[in-house]
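Coordinates from query_23.cif are shown below (mmCIF, C-alpha atoms).
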data_model
loop_
_atom_site.group_PDB
_atom_site.id
_atom_site.type_symbol
_atom_site.label_atom_id
_atom_site.label_comp_id
_atom_site.auth_asym_id
_atom_site.auth_seq_id
_atom_site.Cartn_x
_atom_site.Cartn_y
_atom_site.Cartn_z
ATOM 1 C CA MET A 644 11.911 23.209 -1.140
ATOM 2 C CA ASN A 645 8.276 23.317 -2.177
ATOM 3 C CA LEU A 646 5.703 20.725 -1.147
ATOM 4 C CA GLU A 647 5.553 19.011 -4.553
ATOM 5 C CA ASN A 648 9.322 18.503 -4.593
ATOM 6 C CA MET A 649 9.225 17.144 -1.051
ATOM 7 C CA TYR A 650 6.524 14.653 -2.051
ATOM 8 C CA GLN A 651 8.608 13.549 -5.047
ATOM 9 C CA GLU A 652 11.583 13.022 -2.728
ATOM 10 C CA ILE A 653 9.473 10.855 -0.396
ATOM 11 C CA ILE A 654 8.237 8.722 -3.302
ATOM 12 C CA LEU A 655 11.756 8.306 -4.704
ATOM 13 C CA ASP A 656 13.135 7.393 -1.283
ATOM 14 C CA HIS A 657 10.501 4.662 -0.808
ATOM 15 C CA TYR A 658 11.155 3.442 -4.356
ATOM 16 C CA LYS A 659 14.932 3.278 -3.925
ATOM 17 C CA HIS A 660 14.837 1.988 -0.336
ATOM 18 C CA PRO A 661 11.646 -0.061 0.050
ATOM 19 C CA HIS A 662 10.519 -0.877 3.564
ATOM 20 C CA GLY A 663 9.499 -4.423 4.450
ATOM 21 C CA LYS A 664 10.055 -6.019 1.062
ATOM 22 C CA GLY A 665 10.402 -9.803 1.260
ATOM 23 C CA GLN A 666 8.316 -12.943 1.529
ATOM 24 C CA VAL A 667 7.799 -15.845 3.919
ATOM 25 C CA GLU A 668 7.378 -19.549 3.254
ATOM 26 C CA LYS A 669 4.087 -19.860 5.110
ATOM 27 C CA ALA A 670 1.501 -17.106 5.122
ATOM 28 C CA ASP A 671 -2.096 -17.063 6.282
ATOM 29 C CA ALA A 672 -3.013 -15.550 2.916
ATOM 30 C CA GLU A 673 -1.248 -14.605 -0.291
ATOM 31 C CA VAL A 674 -2.671 -12.585 -3.152
ATOM 32 C CA THR A 675 -1.252 -11.362 -6.418
ATOM 33 C CA HIS A 676 -2.618 -8.217 -8.013
ATOM 34 C CA VAL A 677 -1.643 -6.980 -11.453
ATOM 35 C CA ASN A 678 -2.379 -3.684 -13.136
ATOM 36 C CA PRO A 679 -3.184 -4.844 -16.681
ATOM 37 C CA THR A 680 -2.717 -1.328 -18.033
ATOM 38 C CA CYS A 681 0.999 -1.133 -17.255
ATOM 39 C CA GLY A 682 2.050 -4.531 -15.913
ATOM 40 C CA ASP A 683 2.755 -3.468 -12.319
ATOM 41 C CA GLU A 684 2.480 -6.507 -10.064
ATOM 42 C CA ILE A 685 2.521 -7.261 -6.354
ATOM 43 C CA THR A 686 2.377 -10.517 -4.458
ATOM 44 C CA LEU A 687 1.383 -9.673 -0.907
ATOM 45 C CA GLN A 688 1.311 -12.052 2.038
ATOM 46 C CA VAL A 689 -0.147 -11.571 5.490
ATOM 47 C CA VAL A 690 0.595 -13.512 8.642
ATOM 48 C CA LYS A 691 -1.728 -13.183 11.607
ATOM 49 C CA ILE A 692 0.037 -12.106 14.787
ATOM 50 C CA PRO A 693 -0.835 -14.756 17.400
ATOM 51 C CA GLY A 694 -3.292 -13.645 20.052
ATOM 52 C CA THR A 695 -4.376 -10.543 18.112
ATOM 53 C CA GLU A 696 -6.513 -9.475 15.168
ATOM 54 C CA ASN A 697 -3.439 -7.916 13.573
ATOM 55 C CA PHE A 698 -1.332 -8.939 10.587
ATOM 56 C CA ASN A 699 2.270 -8.668 9.499
ATOM 57 C CA ILE A 700 2.862 -7.866 5.832
ATOM 58 C CA PHE A 701 5.328 -9.372 3.378
ATOM 59 C CA TYR A 702 5.511 -8.526 -0.304
ATOM 60 C CA GLN A 703 7.392 -8.725 -3.577
ATOM 61 C CA ASN A 704 6.587 -6.291 -6.341
ATOM 62 C CA GLN A 705 7.728 -4.967 -9.657
ATOM 63 C CA GLY A 706 6.625 -2.016 -11.676
ATOM 64 C CA CYS A 707 6.837 1.733 -11.754
ATOM 65 C CA SER A 708 8.227 3.906 -8.990
ATOM 66 C CA ILE A 709 4.717 4.856 -7.844
ATOM 67 C CA SER A 710 3.496 1.287 -7.339
ATOM 68 C CA GLN A 711 6.726 0.252 -5.632
ATOM 69 C CA ALA A 712 6.841 3.323 -3.378
ATOM 70 C CA SER A 713 3.180 2.858 -2.512
ATOM 71 C CA ALA A 714 3.847 -0.720 -1.327
ATOM 72 C CA SER A 715 6.649 0.523 0.921
ATOM 73 C CA ILE A 716 4.376 3.220 2.328
ATOM 74 C CA LEU A 717 1.620 0.665 2.865
ATOM 75 C CA PHE A 718 4.063 -1.487 4.836
ATOM 76 C CA ASP A 719 4.928 1.435 7.112
ATOM 77 C CA GLN A 720 1.294 2.321 7.707
ATOM 78 C CA LEU A 721 -0.393 -1.091 7.951
ATOM 79 C CA ASN A 722 2.152 -3.651 9.122
ATOM 80 C CA GLY A 723 0.939 -5.001 12.453
ATOM 81 C CA LYS A 724 -2.557 -3.542 12.041
ATOM 82 C CA SER A 725 -5.978 -5.189 12.027
ATOM 83 C CA LEU A 726 -8.449 -5.175 9.153
ATOM 84 C CA ALA A 727 -10.544 -2.548 10.951
ATOM 85 C CA GLU A 728 -7.538 -0.251 11.460
ATOM 86 C CA GLY A 729 -6.237 -0.827 7.955
ATOM 87 C CA GLU A 730 -9.578 -0.248 6.272
ATOM 88 C CA ILE A 731 -9.563 3.307 7.599
ATOM 89 C CA ALA A 732 -6.256 3.954 5.809
ATOM 90 C CA VAL A 733 -7.287 2.083 2.646
ATOM 91 C CA ASP A 734 -10.580 3.968 2.428
ATOM 92 C CA HIS A 735 -8.775 7.256 3.024
ATOM 93 C CA MET A 736 -6.197 6.468 0.322
ATOM 94 C CA VAL A 737 -8.968 5.637 -2.167
ATOM 95 C CA ALA A 738 -10.857 8.831 -1.292
ATOM 96 C CA MET A 739 -7.654 10.861 -1.673
ATOM 97 C CA MET A 740 -7.063 9.317 -5.109
ATOM 98 C CA GLN A 741 -10.663 10.096 -6.083
ATOM 99 C CA ARG A 742 -10.165 13.646 -4.814
ATOM 100 C CA THR A 743 -13.123 13.356 -2.444
ATOM 101 C CA GLN A 744 -11.038 13.805 0.713
ATOM 102 C CA GLU A 745 -8.048 15.902 1.673
ATOM 103 C CA PRO A 746 -4.979 13.841 2.638
ATOM 104 C CA ASP A 747 -4.493 13.237 6.357
ATOM 105 C CA GLU A 748 -0.904 12.538 7.410
ATOM 106 C CA ASP A 749 -2.083 10.984 10.688
ATOM 107 C CA ILE A 750 -3.892 8.297 8.686
ATOM 108 C CA LEU A 751 -1.598 7.891 5.668
ATOM 109 C CA GLY A 752 1.845 8.912 6.895
ATOM 110 C CA ASP A 753 4.086 9.229 3.829
ATOM 111 C CA GLY A 754 1.066 8.177 1.753
ATOM 112 C CA ILE A 755 0.095 11.830 1.503
ATOM 113 C CA ALA A 756 3.031 12.178 -0.911
ATOM 114 C CA LEU A 757 0.943 10.233 -3.438
ATOM 115 C CA VAL A 758 -1.724 12.959 -3.578
ATOM 116 C CA GLY A 759 -0.335 14.294 -6.865
ATOM 117 C CA VAL A 760 -0.987 10.933 -8.529
ATOM 118 C CA SER A 761 -4.713 11.648 -8.367
ATOM 119 C CA ALA A 762 -4.233 14.127 -11.223
ATOM 120 C CA TYR A 763 -3.214 11.251 -13.499
ATOM 121 C CA PRO A 764 -6.073 8.714 -13.685
ATOM 122 C CA ALA A 765 -3.903 6.127 -15.443
ATOM 123 C CA ARG A 766 -1.496 6.153 -12.471
ATOM 124 C CA VAL A 767 -4.124 5.886 -9.717
ATOM 125 C CA LYS A 768 -4.251 2.094 -10.158
ATOM 126 C CA CYS A 769 -0.477 2.020 -9.671
ATOM 127 C CA ALA A 770 -0.786 3.824 -6.343
ATOM 128 C CA LEU A 771 -3.702 1.689 -5.122
ATOM 129 C CA LEU A 772 -2.409 -1.728 -6.231
ATOM 130 C CA SER A 773 -0.768 -2.717 -2.949
ATOM 131 C CA TRP A 774 -3.570 -1.239 -0.834
ATOM 132 C CA MET A 775 -6.212 -3.341 -2.592
ATOM 133 C CA ALA A 776 -3.969 -6.418 -2.344
ATOM 134 C CA TRP A 777 -3.574 -5.875 1.409
ATOM 135 C CA LYS A 778 -7.313 -5.617 1.934
ATOM 136 C CA ASP A 779 -7.985 -8.773 -0.112
ATOM 137 C CA ALA A 780 -5.264 -10.722 1.699
ATOM 138 C CA VAL A 781 -6.454 -9.770 5.191
ATOM 139 C CA ILE A 782 -10.078 -10.581 4.341
ATOM 140 C CA GLN A 783 -8.917 -13.921 2.931
ATOM 141 C CA ALA A 784 -6.810 -14.664 6.034
ATOM 142 C CA GLN A 785 -9.720 -13.940 8.351
ATOM 143 C CA GLY A 786 -11.849 -16.439 6.468
ATOM 144 C CA SER A 787 -9.351 -19.270 6.896
#
What is this structure when it is put down as structure tokens?
Amino acid sequence: MNLENMYQEIILDHYKHPHGKGQVEKADAEVTHVNPTCGDEITLQVVKIPGTENFNIFYQNQGCSISQASASILFDQLNGKSLAEGEIAVDHMVAMMQRTQEPDEDILGDGIALVGVSAYPARVKCALLSWMAWKDAVIQAQGS
């Protein structure tokens, strides 16, 4: 199996079996992000873990396989992390999508499977939708 096929398998697995999908009644912050180009949408909630600077993630989303898989990957990588820890991954994901940085599995985990999306500018927003929502939600939660 070549690398591209393996990456496609990872994306399809996250799409078909999303990790962490669900919402809570009370969150410290909730944001909704929409990709106006294609209609992909995510509502992402964060709940601060008591006694820490870290946040648990909850989300509901709809859209293409890339945006849905990306949200599942984000959950795996950032659930329970702080803004400082998460920003490293978010910044790395953005740089990977802009093709200014090689993917690092230690930082992105299965997120490296999204590297091929960078060749399709119209799909980059799909891949980044949940990552931008997470960053906005955590910043919002820290301000409350």
Point to revise | Ground truth for the PyMOL selection byres ((chain A and resi 689-699) around 9), written as an NGL selection string | key: :A and (667 or 669-673 or 687-688 or 700-702 or 718 or 721-726 or 728 or 777 or 780-781 or 784-785)
Check your understanding: Which residue gives the smallest distance to Val674 in chain A among A:Ser710, A:Thr686, A:Ser715, A:Val733, with all atoms listed in the file counted?
Key ->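 Among A:Ser710, A:Thr686, A:Ser715, A:Val733, it is A:Thr686 that comes nearest to Val674 in chain A.
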Review point. How many Å lie between CA of Ile709 in chain A and CA of Ala738 in chain A, rounded to one decimal?
Key: 17.4 Å
Revision key, fill the gap. Closest of A:Ile653, A:Leu772, A:Gln783, A:Lys778 to Val677 in chain A, counting only C-alpha atoms, is A:Leu772
Exercise for review: Could you tell me which residues the PyMOL selection byres ((chain A and resi 664) around 7) returns for this structure, as a ChimeraX atom specification?
Suggested key: /A:661-663,665,701-703
Just so the selection is clear, what residues does the PyMOL selection byres ((chain A and resi 650) around 10) cover here, as a compact mmCIF listing (two decimals) with C-alpha atoms, in the coordinates of the input?
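Output (selection-v2.txt):
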# COMPACT_ATOMS: atom_id res chain seq x y z
CA ASN A 645 8.28 23.32 -2.18
CA LEU A 646 5.70 20.72 -1.15
CA GLU A 647 5.55 19.01 -4.55
CA ASN A 648 9.32 18.50 -4.59
CA MET A 649 9.22 17.14 -1.05
CA GLN A 651 8.61 13.55 -5.05
CA GLU A 652 11.58 13.02 -2.73
CA ILE A 653 9.47 10.86 -0.40
CA ILE A 654 8.24 8.72 -3.30
CA LEU A 655 11.76 8.31 -4.70
CA ASP A 656 13.14 7.39 -1.28
CA ASP A 753 4.09 9.23 3.83
CA GLY A 754 1.07 8.18 1.75
CA ILE A 755 0.10 11.83 1.50
CA ALA A 756 3.03 12.18 -0.91
CA LEU A 757 0.94 10.23 -3.44
CA VAL A 758 -1.72 12.96 -3.58
CA GLY A 759 -0.34 14.29 -6.86
Point to revise | Selected residue of minimal separation from His676 in chain A among A:His735, A:Arg742, A:His660, A:Lys768, counting only C-alpha atoms | key: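 Closest to His676 in chain A of all the choices is A:Lys768.
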Practice item. Calculate how many Å separate CA of Ser708 in chain A from CA of Val760 in chain A, rounding to one decimal. Key: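 Going from CA of Ser708 in chain A over to CA of Val760 in chain A covers 11.6 Å.
Take the candidates A:Asn704, A:Gln711, A:Thr680, A:Gln744 and check each one against Ala765 in chain A using only C-alpha atoms; the shortest distance goes to A:Thr680.
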Practice item. Find the residues around Asp683 in chain A up to 6 Å (only C-alpha atoms counted), leave out those fewer than 3 positions away in its own chain, and share them as a list in words. Key: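 Result of the neighbour search: Val677, Asn678, Gln705 and Gly706 of chain A.
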**Study point:** Point-to-point distance from CA of Glu745 in chain A to CA of His657 in chain A, Å rounded to tenths
**Key:** 21.8 Å
Point to revise | Selected residue, from A:Asp749, A:Met736, A:Cys769, A:Ala776, that lies nearest to Pro679 in chain A when counting all atoms listed in the file | key: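 Closest to Pro679 in chain A, using all atoms listed in the file: A:Cys769.
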Exercise for review: Considering all atoms listed in the file, state which residue in the set A:Gly752, A:Met775, A:Cys681, A:Thr675 is at the smallest distance from Ile716 in chain A.
Suggested key: A:Gly752
